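Have a look at query35.csv; it's CSV, C-alpha atoms and all ligand atoms:
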```
chain,number,residue,atom,x,y,z
A,1,MET,CA,-14.8,18.2,11.2
A,2,LYS,CA,-17.6,16.0,12.2
A,3,TYR,CA,-15.5,13.1,13.3
A,4,ASP,CA,-13.1,13.4,16.3
A,5,PHE,CA,-9.8,11.6,15.7
A,6,ASN,CA,-8.2,13.0,18.8
A,7,LYS,CA,-9.6,10.3,21.1
A,8,VAL,CA,-7.0,7.7,22.1
A,9,TYR,CA,-8.4,4.2,22.0
A,10,ASP,CA,-6.9,1.2,23.7
A,11,ARG,CA,-6.8,-1.5,21.0
A,12,LYS,CA,-5.0,-4.1,23.1
A,13,ASN,CA,-6.7,-7.5,23.2
A,14,THR,CA,-8.7,-6.8,20.1
A,15,SER,CA,-6.8,-9.3,17.9
A,16,SER,CA,-5.0,-6.3,16.4
A,17,THR,CA,-1.6,-7.0,14.8
A,18,LYS,CA,-0.6,-3.4,15.3
A,19,TRP,CA,-1.2,-3.5,19.1
A,20,ASP,CA,-1.2,-7.2,20.1
A,21,GLY,CA,1.6,-8.1,17.7
A,22,MET,CA,4.2,-5.7,19.2
A,23,LYS,CA,5.7,-8.2,21.6
A,24,GLU,CA,6.4,-10.6,18.7
A,25,ASN,CA,7.7,-7.9,16.4
A,26,PHE,CA,9.6,-5.7,18.7
A,27,GLY,CA,10.2,-7.9,21.8
A,28,LYS,CA,8.1,-5.6,24.0
A,29,ASP,CA,4.6,-4.2,24.0
A,30,ASP,CA,5.0,-0.9,25.8
A,31,LEU,CA,5.7,1.1,22.6
A,32,ILE,CA,3.7,3.7,20.7
A,33,PRO,CA,2.8,1.5,17.7
A,34,MET,CA,3.6,3.3,14.4
A,35,TRP,CA,4.4,0.3,12.2
A,36,ILE,CA,1.9,-1.8,10.2
A,37,ALA,CA,-0.5,0.1,7.9
A,38,ASP,CA,-3.7,0.6,9.8
A,39,MET,CA,-5.1,3.7,11.4
A,40,ASP,CA,-5.9,4.2,15.0
A,41,PHE,CA,-9.2,5.9,14.0
A,42,PRO,CA,-12.6,4.2,14.4
A,43,VAL,CA,-14.3,3.3,11.1
A,44,ALA,CA,-17.0,5.4,9.5
A,45,GLU,CA,-20.5,5.1,11.1
A,46,PRO,CA,-22.2,3.8,7.9
A,47,ILE,CA,-19.6,1.0,7.7
A,48,LYS,CA,-20.2,-0.1,11.3
A,49,LYS,CA,-24.0,0.1,10.7
A,50,ALA,CA,-23.8,-2.0,7.5
A,51,ILE,CA,-21.9,-4.7,9.3
A,52,LYS,CA,-24.1,-4.7,12.3
A,53,SER,CA,-27.3,-4.9,10.3
A,54,ARG,CA,-25.9,-7.8,8.3
A,55,ALA,CA,-24.8,-9.5,11.5
A,56,ASP,CA,-28.3,-9.2,12.8
A,57,TYR,CA,-29.5,-11.5,10.1
A,58,PRO,CA,-28.2,-14.9,11.3
A,59,PHE,CA,-27.3,-16.6,8.0
A,60,TYR,CA,-23.6,-16.4,7.3
A,61,GLY,CA,-23.4,-18.9,4.4
A,62,TYR,CA,-21.2,-18.6,1.2
A,63,SER,CA,-21.2,-15.2,-0.3
A,64,LYS,CA,-22.2,-13.9,-3.7
A,65,ILE,CA,-21.2,-10.5,-4.9
A,66,LYS,CA,-24.1,-8.1,-5.2
A,67,ASN,CA,-24.7,-6.1,-8.4
A,68,SER,CA,-25.0,-3.0,-6.2
A,69,LEU,CA,-21.4,-3.4,-5.0
A,70,ILE,CA,-20.1,-3.8,-8.6
A,71,ASN,CA,-22.0,-0.7,-9.6
A,72,VAL,CA,-20.6,1.3,-6.8
A,73,ILE,CA,-17.0,0.3,-7.6
A,74,VAL,CA,-17.5,1.3,-11.3
A,75,LYS,CA,-19.0,4.6,-10.2
A,76,ARG,CA,-16.4,5.4,-7.7
A,77,VAL,CA,-13.5,4.7,-10.0
A,78,TRP,CA,-15.1,7.1,-12.5
A,79,ASP,CA,-15.9,9.8,-9.9
A,80,LYS,CA,-12.5,9.8,-8.3
A,81,PHE,CA,-10.2,9.0,-11.2
A,82,GLN,CA,-12.2,9.5,-14.4
A,83,TRP,CA,-11.4,5.9,-15.4
A,84,ARG,CA,-14.3,4.2,-17.1
A,85,ILE,CA,-14.2,0.5,-16.1
A,86,GLU,CA,-16.6,-2.3,-17.1
A,87,LYS,CA,-18.4,-4.4,-14.6
A,88,GLU,CA,-17.0,-7.7,-15.8
A,89,TRP,CA,-13.5,-6.5,-15.4
A,90,ILE,CA,-13.8,-6.7,-11.6
A,91,VAL,CA,-12.6,-9.8,-9.8
A,92,PHE,CA,-12.7,-10.0,-6.0
A,93,THR,CA,-9.9,-11.4,-3.8
A,94,PRO,CA,-9.6,-11.6,0.0
A,95,GLY,CA,-6.9,-8.8,0.0
A,96,VAL,CA,-4.5,-7.1,-2.3
A,97,ILE,CA,-1.6,-9.4,-1.6
A,98,SER,CA,-3.4,-12.6,-2.4
A,99,GLY,CA,-4.6,-10.8,-5.6
A,100,ILE,CA,-1.0,-9.9,-6.5
A,101,ASN,CA,0.2,-13.5,-5.9
A,102,ILE,CA,-2.5,-14.7,-8.3
A,103,ALA,CA,-1.7,-12.0,-10.8
A,104,ILE,CA,2.0,-13.0,-10.9
A,105,ARG,CA,1.1,-16.7,-11.3
A,106,THR,CA,-1.3,-15.6,-14.1
A,107,VAL,CA,1.1,-13.6,-16.2
A,108,ALA,CA,4.5,-15.1,-15.4
A,109,ASN,CA,6.1,-18.5,-15.6
A,110,SER,CA,8.2,-20.0,-12.9
A,111,GLY,CA,11.7,-18.6,-13.2
A,112,ASP,CA,10.6,-15.4,-14.9
A,113,GLY,CA,11.8,-12.1,-13.5
A,114,ILE,CA,9.4,-9.5,-12.0
A,115,VAL,CA,10.6,-5.9,-11.7
A,116,ILE,CA,10.1,-4.1,-8.5
A,117,GLN,CA,11.5,-0.7,-7.5
A,118,GLN,CA,13.2,-0.8,-4.1
A,119,PRO,CA,12.7,0.3,-1.4
A,120,VAL,CA,9.2,-1.1,-1.8
A,121,TYR,CA,6.4,-2.7,0.2
A,122,HIS,CA,8.0,-5.8,1.7
A,123,LEU,CA,5.3,-8.4,0.8
A,124,PHE,CA,6.1,-7.8,-2.9
A,125,PHE,CA,9.3,-9.9,-2.3
A,126,SER,CA,7.5,-13.0,-1.0
A,127,SER,CA,4.7,-12.6,-3.6
A,128,ILE,CA,7.3,-12.9,-6.3
A,129,MET,CA,9.4,-15.6,-4.7
A,130,ASN,CA,6.4,-17.8,-3.6
A,131,SER,CA,5.2,-17.7,-7.2
A,132,GLY,CA,8.6,-19.3,-8.3
A,133,CYS,CA,9.7,-16.0,-10.0
A,134,GLN,CA,12.8,-13.9,-9.5
A,135,ILE,CA,13.1,-10.4,-8.2
A,136,VAL,CA,14.6,-7.9,-10.6
A,137,ASN,CA,15.4,-4.6,-8.9
A,138,ASN,CA,15.1,-1.3,-10.7
A,139,PRO,CA,16.2,0.8,-7.7
A,140,LEU,CA,14.5,4.1,-7.2
A,141,LYS,CA,16.8,7.1,-7.6
A,142,PHE,CA,17.1,9.3,-4.5
A,143,ASP,CA,18.3,12.8,-5.3
A,144,ASN,CA,18.1,15.9,-3.1
A,145,GLY,CA,15.5,14.3,-0.8
A,146,ASN,CA,13.4,13.3,-3.8
A,147,TYR,CA,12.6,9.8,-5.2
A,148,GLU,CA,12.2,9.1,-8.9
A,149,MET,CA,11.9,6.0,-11.1
A,150,ASP,CA,15.0,5.1,-13.0
A,151,PHE,CA,13.7,4.8,-16.6
A,152,LYS,CA,17.2,4.5,-18.1
A,153,ASN,CA,18.1,1.5,-16.0
A,154,LEU,CA,14.6,0.0,-16.6
A,155,THR,CA,15.0,0.3,-20.3
A,156,GLU,CA,18.5,-1.3,-20.1
A,157,ILE,CA,17.4,-4.3,-18.0
A,158,ALA,CA,14.2,-4.8,-20.1
A,159,GLU,CA,16.2,-4.7,-23.4
A,160,GLU,CA,18.9,-6.9,-22.1
A,161,SER,CA,16.4,-9.5,-21.0
A,162,LYS,CA,14.7,-9.4,-24.4
A,163,GLU,CA,18.0,-9.8,-26.3
A,164,ASN,CA,19.2,-12.5,-23.9
A,165,GLY,CA,16.2,-14.6,-24.9
A,166,SER,CA,17.0,-17.3,-22.3
A,167,LYS,CA,13.7,-18.0,-20.5
A,168,SER,CA,15.3,-18.3,-17.1
A,169,LYS,CA,16.5,-14.8,-17.3
A,170,SER,CA,13.6,-13.2,-19.0
A,171,ILE,CA,11.7,-10.4,-17.4
A,172,ASP,CA,7.9,-10.7,-17.6
A,173,ALA,CA,6.3,-8.0,-15.6
A,174,ILE,CA,6.6,-4.9,-13.5
A,175,LEU,CA,5.0,-4.8,-10.1
A,176,LEU,CA,4.2,-1.1,-9.6
A,177,CYS,CA,3.4,0.5,-6.3
A,178,ASN,CA,1.2,3.5,-7.1
A,179,PRO,CA,1.3,5.5,-4.8
A,180,HIS,CA,4.5,4.1,-3.6
A,181,ASN,CA,4.9,2.6,-0.1
A,182,PRO,CA,7.2,3.4,1.8
A,183,ILE,CA,8.5,6.6,0.1
A,184,GLY,CA,5.1,8.2,-0.3
A,185,ARG,CA,5.4,9.3,-4.0
A,186,VAL,CA,2.2,9.7,-6.0
A,187,TRP,CA,3.5,9.0,-9.5
A,188,ARG,CA,2.7,11.7,-12.0
A,189,LYS,CA,1.0,11.1,-15.3
A,190,GLU,CA,4.2,11.7,-17.3
A,191,GLU,CA,6.1,9.2,-15.1
A,192,LEU,CA,3.4,6.5,-15.6
A,193,LEU,CA,3.3,7.2,-19.3
A,194,GLU,CA,7.1,6.7,-19.5
A,195,LEU,CA,6.9,3.5,-17.5
A,196,GLY,CA,4.0,2.2,-19.7
A,197,LYS,CA,5.9,3.0,-22.9
A,198,ILE,CA,8.9,1.0,-21.7
A,199,ALA,CA,6.6,-1.8,-20.6
A,200,VAL,CA,4.7,-2.0,-23.9
A,201,LYS,CA,7.8,-1.8,-26.0
A,202,ASN,CA,9.4,-4.7,-24.1
A,203,ASP,CA,6.4,-6.9,-23.6
A,204,LEU,CA,6.3,-6.4,-19.9
A,205,PHE,CA,2.9,-6.8,-18.2
A,206,VAL,CA,2.1,-4.2,-15.4
A,207,ILE,CA,0.6,-5.2,-12.1
A,208,SER,CA,-0.3,-1.9,-10.5
A,209,ASP,CA,-1.0,-2.0,-6.7
A,210,GLU,CA,-3.2,1.1,-6.1
A,211,ILE,CA,-4.3,0.2,-2.5
A,212,HIS,CA,-3.2,3.7,-1.3
A,213,SER,CA,-4.9,5.6,-4.1
A,214,GLU,CA,-7.3,7.5,-1.9
A,215,ILE,CA,-4.9,8.7,0.8
A,216,ILE,CA,-3.5,11.6,-1.2
A,217,TYR,CA,-2.3,15.0,0.2
A,218,LYS,CA,-3.3,18.4,-1.0
A,219,GLY,CA,-1.8,19.4,-4.3
A,220,TYR,CA,-1.4,15.8,-5.6
A,221,LYS,CA,-3.7,13.6,-7.7
A,222,HIS,CA,-3.7,9.8,-8.1
A,223,GLN,CA,-3.7,8.6,-11.6
A,224,PRO,CA,-4.5,4.9,-12.2
A,225,PHE,CA,-1.8,3.5,-14.5
A,226,ALA,CA,-4.4,1.7,-16.7
A,227,SER,CA,-6.5,4.8,-17.3
A,228,LEU,CA,-3.8,6.4,-19.4
A,229,SER,CA,-4.4,4.4,-22.6
A,230,LYS,CA,-6.3,1.4,-24.0
A,231,GLU,CA,-3.0,-0.3,-24.6
A,232,PHE,CA,-2.0,0.1,-20.9
A,233,GLU,CA,-5.5,-1.1,-19.9
A,234,GLU,CA,-5.1,-4.4,-21.9
A,235,ASN,CA,-1.6,-4.8,-20.5
A,236,SER,CA,-2.3,-4.5,-16.8
A,237,ILE,CA,-4.0,-5.6,-13.7
A,238,THR,CA,-4.9,-3.0,-11.0
A,239,SER,CA,-5.8,-3.5,-7.4
A,240,ILE,CA,-8.5,-1.3,-5.9
A,241,SER,CA,-9.4,-1.8,-2.3
A,242,PRO,CA,-11.3,-0.1,0.5
A,243,SER,CA,-8.9,-1.4,3.1
A,244,LYS,CA,-6.5,1.5,3.4
A,245,THR,CA,-9.0,4.2,2.4
A,246,PHE,CA,-11.6,3.1,5.0
A,247,ASN,CA,-9.3,1.3,7.5
A,248,LEU,CA,-10.7,-2.1,6.9
A,249,ALA,CA,-7.5,-4.2,6.6
A,250,GLY,CA,-8.8,-6.8,9.0
A,251,LEU,CA,-11.8,-7.6,6.8
A,252,ASN,CA,-9.5,-8.8,4.0
A,253,VAL,CA,-11.1,-7.7,0.8
A,254,SER,CA,-10.0,-6.3,-2.5
A,255,SER,CA,-10.9,-6.1,-6.1
A,256,MET,CA,-8.6,-6.6,-9.1
A,257,ILE,CA,-9.5,-4.7,-12.3
A,258,ILE,CA,-8.6,-6.9,-15.3
A,259,PRO,CA,-9.7,-5.4,-18.6
A,260,ASN,CA,-7.9,-8.1,-20.8
A,261,LYS,CA,-10.4,-11.0,-21.2
A,262,LYS,CA,-7.9,-13.7,-21.7
A,263,ILE,CA,-5.8,-12.6,-18.7
A,264,ARG,CA,-9.0,-12.3,-16.6
A,265,GLU,CA,-10.1,-15.8,-17.4
A,266,LYS,CA,-6.6,-17.2,-16.6
A,267,PHE,CA,-6.6,-15.2,-13.4
A,268,LYS,CA,-9.9,-16.8,-12.4
A,269,ASP,CA,-8.6,-20.2,-13.3
A,270,THR,CA,-5.5,-19.7,-11.3
A,271,MET,CA,-7.4,-18.7,-8.1
A,272,ALA,CA,-10.1,-21.4,-8.4
A,273,GLY,CA,-10.1,-23.7,-5.5
A,274,ILE,CA,-7.4,-21.8,-3.7
A,275,VAL,CA,-8.9,-18.4,-2.9
A,276,SER,CA,-12.5,-18.1,-1.7
A,277,GLN,CA,-14.9,-15.2,-2.1
A,278,PRO,CA,-14.5,-12.4,0.4
A,279,ASN,CA,-16.6,-12.8,3.6
A,280,ILE,CA,-20.0,-11.4,3.7
A,281,PHE,CA,-19.2,-8.7,6.3
A,282,ALA,CA,-16.3,-7.4,4.2
A,283,LEU,CA,-18.6,-7.1,1.2
A,284,GLU,CA,-21.1,-5.0,3.2
A,285,ALA,CA,-18.3,-2.8,4.5
A,286,PHE,CA,-16.8,-2.4,1.0
A,287,GLU,CA,-20.1,-1.1,-0.4
A,288,ALA,CA,-21.0,1.1,2.5
A,289,GLY,CA,-17.6,2.7,2.5
A,290,PHE,CA,-17.6,3.4,-1.2
A,291,LYS,CA,-21.2,4.7,-1.1
A,292,TYR,CA,-21.4,6.6,2.1
A,293,GLY,CA,-17.8,6.9,3.5
A,294,ASP,CA,-16.7,10.2,1.9
A,295,PRO,CA,-17.6,12.6,4.8
A,296,TRP,CA,-15.4,10.4,7.1
A,297,LEU,CA,-12.7,10.1,4.5
A,298,ASN,CA,-12.6,13.8,4.0
A,299,ASP,CA,-12.2,14.4,7.7
A,300,VAL,CA,-9.4,11.7,7.9
A,301,LEU,CA,-7.6,13.3,5.0
A,302,GLU,CA,-7.7,16.7,6.7
A,303,TYR,CA,-6.5,15.2,10.0
A,304,LEU,CA,-3.7,13.3,8.3
A,305,GLN,CA,-2.6,16.5,6.4
A,306,GLU,CA,-2.4,18.2,9.8
A,307,ASN,CA,-0.5,15.3,11.3
A,308,LEU,CA,1.9,15.4,8.3
A,309,ASP,CA,2.6,19.1,8.6
A,310,PHE,CA,2.9,18.8,12.4
A,311,MET,CA,5.4,16.0,12.0
A,312,ILE,CA,7.5,17.7,9.3
A,313,ASN,CA,7.7,20.8,11.4
A,314,TYR,CA,8.7,18.9,14.6
A,315,PHE,CA,11.5,17.1,12.8
A,316,LYS,CA,13.1,20.4,12.0
A,317,ASP,CA,14.2,20.3,15.7
A,318,ILE,CA,15.5,16.7,15.6
A,319,LYS,CA,19.0,16.6,14.4
A,320,GLY,CA,20.0,13.7,12.2
A,321,ILE,CA,16.5,12.6,11.1
A,322,LYS,CA,14.9,14.0,8.0
A,323,PRO,CA,11.4,12.9,7.0
A,324,ILE,CA,10.7,12.6,3.3
A,325,ARG,CA,7.5,14.7,2.7
A,326,ALA,CA,4.9,12.2,1.5
A,327,GLU,CA,2.6,13.1,-1.4
A,328,GLY,CA,0.3,10.2,-0.4
A,329,THR,CA,-0.1,7.4,2.2
A,330,TYR,CA,0.1,7.8,5.9
A,331,LEU,CA,3.5,6.1,6.0
A,332,ILE,CA,6.4,8.4,6.3
A,333,TRP,CA,9.9,7.5,5.3
A,334,LEU,CA,12.5,8.8,7.7
A,335,ASP,CA,16.1,9.3,6.6
A,336,CYS,CA,18.1,8.6,9.7
A,337,ARG,CA,21.5,8.2,8.0
A,338,LYS,CA,22.9,11.4,9.6
A,339,LEU,CA,22.7,9.7,13.0
A,340,ASN,CA,25.5,7.5,11.8
A,341,LEU,CA,24.2,4.4,13.5
A,342,LYS,CA,24.2,0.8,12.3
A,343,GLN,CA,20.7,-0.4,11.5
A,344,ALA,CA,20.6,-2.7,14.5
A,345,ASP,CA,21.6,0.2,16.8
A,346,LEU,CA,19.0,2.5,15.2
A,347,LYS,CA,16.3,0.0,15.8
A,348,ASP,CA,17.4,-0.7,19.3
A,349,LEU,CA,17.4,3.1,20.0
A,350,MET,CA,13.8,3.5,18.8
A,351,ILE,CA,12.5,0.5,20.6
A,352,ASN,CA,14.4,0.5,23.8
A,353,ASP,CA,15.1,4.2,24.4
A,354,ALA,CA,12.4,6.2,22.5
A,355,LYS,CA,9.9,3.4,23.0
A,356,VAL,CA,8.3,3.9,19.6
A,357,GLY,CA,7.4,1.0,17.2
A,358,LEU,CA,8.7,2.1,13.8
A,359,GLU,CA,9.1,-0.2,10.8
A,360,ASP,CA,12.7,-1.1,10.1
A,361,GLY,CA,13.7,0.4,6.7
A,362,THR,CA,15.7,-2.6,5.6
A,363,ILE,CA,12.6,-4.8,5.3
A,364,PHE,CA,11.8,-2.7,2.2
A,365,GLY,CA,14.9,-4.0,0.4
A,366,ASP,CA,17.8,-2.1,-1.1
A,367,GLY,CA,17.9,1.6,-0.2
A,368,GLY,CA,16.3,0.9,3.2
A,369,GLU,CA,19.5,1.0,5.3
A,370,GLY,CA,19.6,4.0,7.6
A,371,PHE,CA,15.8,4.6,7.2
A,372,MET,CA,12.7,3.9,9.3
A,373,ARG,CA,9.1,4.1,8.3
A,374,MET,CA,6.6,5.9,10.6
A,375,ASN,CA,2.8,5.5,10.5
A,376,ILE,CA,1.3,8.8,11.3
A,377,ALA,CA,-2.4,7.7,11.3
A,378,LEU,CA,-2.9,8.1,15.0
A,379,PRO,CA,-4.3,10.7,17.4
A,380,ARG,CA,-2.2,13.9,17.5
A,381,SER,CA,-1.4,13.6,21.2
A,382,LEU,CA,0.2,10.2,20.6
A,383,LEU,CA,2.1,11.5,17.6
A,384,GLU,CA,3.4,14.4,19.6
A,385,GLU,CA,4.4,12.1,22.4
A,386,ALA,CA,6.2,9.8,20.0
A,387,LEU,CA,8.1,12.7,18.4
A,388,ARG,CA,9.0,14.1,21.9
A,389,ARG,CA,10.4,10.8,22.8
A,390,ILE,CA,12.4,10.5,19.6
A,391,LYS,CA,13.8,14.0,20.1
A,392,THR,CA,14.8,13.3,23.7
A,393,THR,CA,16.5,10.1,22.7
A,394,VAL,CA,18.3,11.6,19.7
A,395,ASP,CA,19.4,14.7,21.7
A,396,LYS,CA,21.3,12.4,24.1
A,397,LEU,CA,23.5,10.9,21.4
A,401,LIG,C1,1.3,-1.3,-1.2
A,401,LIG,C2,0.6,-2.3,-0.4
A,401,LIG,N1,0.0,-3.3,-1.0
A,401,LIG,C3,-0.8,-4.2,-0.3
A,401,LIG,C4,-0.9,-4.1,1.1
A,401,LIG,C5,-1.7,-5.1,1.9
A,401,LIG,O1,-2.9,-5.3,1.3
A,401,LIG,P1,-3.9,-6.5,1.8
A,401,LIG,O2,-3.9,-6.4,3.3
A,401,LIG,O3,-5.2,-6.1,1.2
A,401,LIG,O4,-3.3,-7.8,1.3
A,401,LIG,C6,-0.3,-3.0,1.8
A,401,LIG,C7,-0.4,-2.9,3.2
A,401,LIG,O5,0.2,-2.1,3.8
A,401,LIG,C8,0.4,-2.1,1.0
A,401,LIG,O6,1.0,-1.0,1.6
```

Would you give me this structure, written as structure tokens?
Ligand SMILES: Cc1ncc(COP(=O)(O)O)c(C=O)c1O
Amino acid sequence: MKYDFNKVYDRKNTSSTKWDGMKENFGKDDLIPMWIADMDFPVAEPIKKAIKSRADYPFYGYSKIKNSLINVIVKRVWDKFQWRIEKEWIVFTPGVISGINIAIRTVANSGDGIVIQQPVYHLFFSSIMNSGCQIVNNPLKFDNGNYEMDFKNLTEIAEESKENGSKSKSIDAILLCNPHNPIGRVWRKEELLELGKIAVKNDLFVISDEIHSEIIYKGYKHQPFASLSKEFEENSITSISPSKTFNLAGLNVSSMIIPNKKIREKFKDTMAGIVSQPNIFALEAFEAGFKYGDPWLNDVLEYLQENLDFMINYFKDIKGIKPIRAEGTYLIWLDCRKLNLKQADLKDLMINDAKVGLEDGTIFGDGGEGFMRMNIALPRSLLEEALRRIKTTVDKL
């Protein structure tokens, strides 16, 4: 490994939500922060260099997307996922969540239902509600420590909505999380095909959030939903972003891939005047990451794999908590139900006794009770210390 991710950095007073937002979120700031999705690893050298060199040129006016960035996105999507996208399909937004908000407003009308599969990334809820739409849950099935999509239920709710015909109850789209935060599944091709088949049959548009697509563990492969057929392509919007892959969340940048021309024009109309172009430093970082970031990313993936294995192994000695082995993402879903604690007590135990800042499982909706989410993208010594504290705390129960 060229990069050293063992070094512990003090990120306090750096305008970091993860570090400086602890007091607001947990009521105290002396915890090991393992909540919001960013990594405690410094960014790749080429990204830092690209931002510095742009900063040296003292003109920070309105941005215009360079052709070289568009080309690099097209190339990377092909190289990594063998999905051939066209340059004009790409629309930039200052982050995935703003892109998802616009996508919902583009494809759905106020009052329409949008399907999500809970437990799921919590900002999906507000994206749907703020767009005046309704949340329709197709709960994930949890069997034998394994999560799966419930196609039978999805078919039933989609068909019911079609038959019902009443606009206020109609379901318009599925908001897919691929890979799925917080349960860490990397959806298999067959699963996506099944989902797409149901969507096409029932006129459901698919918004596929693929922000975690490059944090994938050994033995798994990310499949972009839209890459599976021309029909899926025309019937979907996909988010592709460097922010999780290269740890750039604070730069607020993302690209939405919209093959359907009519939808793309509507998307652009919907965002006009509300959402600006990404800032110039973000664009430099995006391009540098996609072009030169792979040596860093390969090292990060190796380090995360070791953290994952280390953590899974450590939990074998912690009674009452079972981690769900993630296939992708550095966010690990912990099944704490055997501790038999109320959610408030579980949170209190982690914050005030173990002094670790985990994400409360209930923010991810139904199916989150009794669970916590742990971010393992941090130096091994901190991970080990956090696990040691959790074990000591749980042993006392
Ligand atoms: C599934 C998912 N989508 C979107 C985001 C946020 O993306 P952005 O910061 O680009 O809005 C996250 C962050 O954790 C996420 O996990």

Residues within 8 Å of ligand LIG 401 (chain A), counting only C-alpha atoms and all ligand atoms, as a VMD selection string: chain A and resid 36 to 38 94 to 99 120 to 121 123 to 124 177 to 182 209 to 212 241 243 to 244 249 to 250 252 to 254

So that each row is one residue of stretch 301-371 of chain A with an atom at most 10 Å from stretch 113-119 of chain A, can you give its shortest atom pair and the distance in Å to one decimal, using all atoms listed in the file, rows by chain and rising number, as a Markdown table?
```
| residue | atom | partner | partner_atom | distance |
| --- | --- | --- | --- | --- |
| A:Gly361 | CA | A:Pro119 | CA | 8.2 |
| A:Thr362 | CA | A:Pro119 | CA | 8.1 |
| A:Ile363 | CA | A:Pro119 | CA | 8.4 |
| A:Phe364 | CA | A:Pro119 | CA | 4.8 |
| A:Gly365 | CA | A:Pro119 | CA | 5.2 |
| A:Asp366 | CA | A:Gln118 | CA | 5.6 |
| A:Gly367 | CA | A:Pro119 | CA | 5.5 |
| A:Gly368 | CA | A:Pro119 | CA | 5.9 |
| A:Glu369 | CA | A:Pro119 | CA | 9.6 |
```

Residues near stretch 11-13 of chain A, anyone? I mean within 10 Å using all atoms listed in the file, not counting same-chain ones fewer than 6 positions away, as an MDAnalysis selection string. chainID A and resid 19:21 29 40

Hey, which of A:Asn130, A:Ser236, A:Gln223, A:Asn146 ends up closest to A:Leu204? Count only C-alpha atoms.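 Between A:Asn130, A:Ser236, A:Gln223, A:Asn146, the residue approaching A:Leu204 most closely is A:Ser236.
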
Pull the neighbourhood of (-23.8, 2.5, 9.8) for me: all residues within 12 Å in file coordinates, counting all atoms listed in the file, as a list in words.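 Selection result: Val43, Ala44, Glu45, Pro46, Ile47, Lys48, Lys49, Ala50, Ile51, Lys52, Ser53, Arg54, Glu284, Ala285, Glu287, Ala288, Gly289, Lys291, Tyr292, Gly293 and Trp296 of chain A.
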
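In terms of minimum interatomic distance to A:Asn352, A:Thr393 ranks closest within A:Thr393, A:Tyr3, A:Arg380, A:Met34, counting all atoms listed in the file.
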
Anything within 10 Å of (2.7, 16.9, -7.2): list those residues as a compact mmCIF listing (two decimals) with C-alpha atoms, in the frame of the given file, counting only C-alpha atoms and sticking to the file's coordinates.
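Output (point22.txt):
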```
# COMPACT_ATOMS: atom_id res chain seq x y z
CA ARG A 185 5.40 9.30 -4.00
CA VAL A 186 2.20 9.70 -6.00
CA TRP A 187 3.50 9.00 -9.50
CA ARG A 188 2.70 11.70 -12.00
CA TYR A 217 -2.30 15.00 0.20
CA LYS A 218 -3.30 18.40 -1.00
CA GLY A 219 -1.80 19.40 -4.30
CA TYR A 220 -1.40 15.80 -5.60
CA LYS A 221 -3.70 13.60 -7.70
CA HIS A 222 -3.70 9.80 -8.10
CA GLU A 327 2.60 13.10 -1.40
CA GLY A 328 0.30 10.20 -0.40
```

A:Thr155: which residues within 10 Å, counting all atoms listed in the file, same-chain residues fewer than 5 positions away excluded, as a PyMOL selection string? chain A and resi 138+150+160-161+195+197-199+201-202

Taking all atoms listed in the file into account, which of A:Leu251, A:Ile257, A:Ala326, A:Met1 comes nearest A:Val77? A:Ile257

Of the candidates A:Leu69, A:Glu384, A:Phe59, A:Ser276, which shows the shortest atom-to-atom distance to A:Phe315, using all atoms listed in the file?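 Using all atoms listed in the file, A:Phe315 sits closest to A:Glu384.
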
Would you kindly place N, CA and C atoms on stretch 106-115 of chain A and return the model as a PDB file, in the coordinates of the input?
```
ATOM      1  N   THR A 106      -0.520 -15.692 -12.869  1.00  0.00           N
ATOM      2  CA  THR A 106      -1.300 -15.600 -14.100  1.00  0.00           C
ATOM      3  C   THR A 106      -0.441 -15.190 -15.290  1.00  0.00           C
ATOM      4  N   VAL A 107       0.397 -14.169 -15.052  1.00  0.00           N
ATOM      5  CA  VAL A 107       1.100 -13.600 -16.200  1.00  0.00           C
ATOM      6  C   VAL A 107       2.537 -14.055 -16.373  1.00  0.00           C
ATOM      7  N   ALA A 108       3.082 -14.720 -15.342  1.00  0.00           N
ATOM      8  CA  ALA A 108       4.500 -15.100 -15.400  1.00  0.00           C
ATOM      9  C   ALA A 108       4.637 -16.624 -15.250  1.00  0.00           C
ATOM     10  N   ASN A 109       5.742 -17.131 -15.782  1.00  0.00           N
ATOM     11  CA  ASN A 109       6.100 -18.500 -15.600  1.00  0.00           C
ATOM     12  C   ASN A 109       7.133 -18.650 -14.504  1.00  0.00           C
ATOM     13  N   SER A 110       7.215 -19.806 -13.924  1.00  0.00           N
ATOM     14  CA  SER A 110       8.200 -20.000 -12.900  1.00  0.00           C
ATOM     15  C   SER A 110       9.614 -19.701 -13.500  1.00  0.00           C
ATOM     16  N   GLY A 111      10.399 -18.970 -12.750  1.00  0.00           N
ATOM     17  CA  GLY A 111      11.700 -18.600 -13.200  1.00  0.00           C
ATOM     18  C   GLY A 111      11.784 -17.218 -13.840  1.00  0.00           C
ATOM     19  N   ASP A 112      10.642 -16.695 -14.266  1.00  0.00           N
ATOM     20  CA  ASP A 112      10.600 -15.400 -14.900  1.00  0.00           C
ATOM     21  C   ASP A 112      10.988 -14.276 -13.878  1.00  0.00           C
ATOM     22  N   GLY A 113      11.475 -13.182 -14.395  1.00  0.00           N
ATOM     23  CA  GLY A 113      11.800 -12.100 -13.500  1.00  0.00           C
ATOM     24  C   GLY A 113      10.657 -11.073 -13.435  1.00  0.00           C
ATOM     25  N   ILE A 114      10.438 -10.547 -12.242  1.00  0.00           N
ATOM     26  CA  ILE A 114       9.400  -9.500 -12.000  1.00  0.00           C
ATOM     27  C   ILE A 114      10.148  -8.278 -11.489  1.00  0.00           C
ATOM     28  N   VAL A 115       9.954  -7.153 -12.136  1.00  0.00           N
ATOM     29  CA  VAL A 115      10.600  -5.900 -11.700  1.00  0.00           C
ATOM     30  C   VAL A 115       9.906  -5.264 -10.561  1.00  0.00           C
TER      31      VAL A 115
END
```
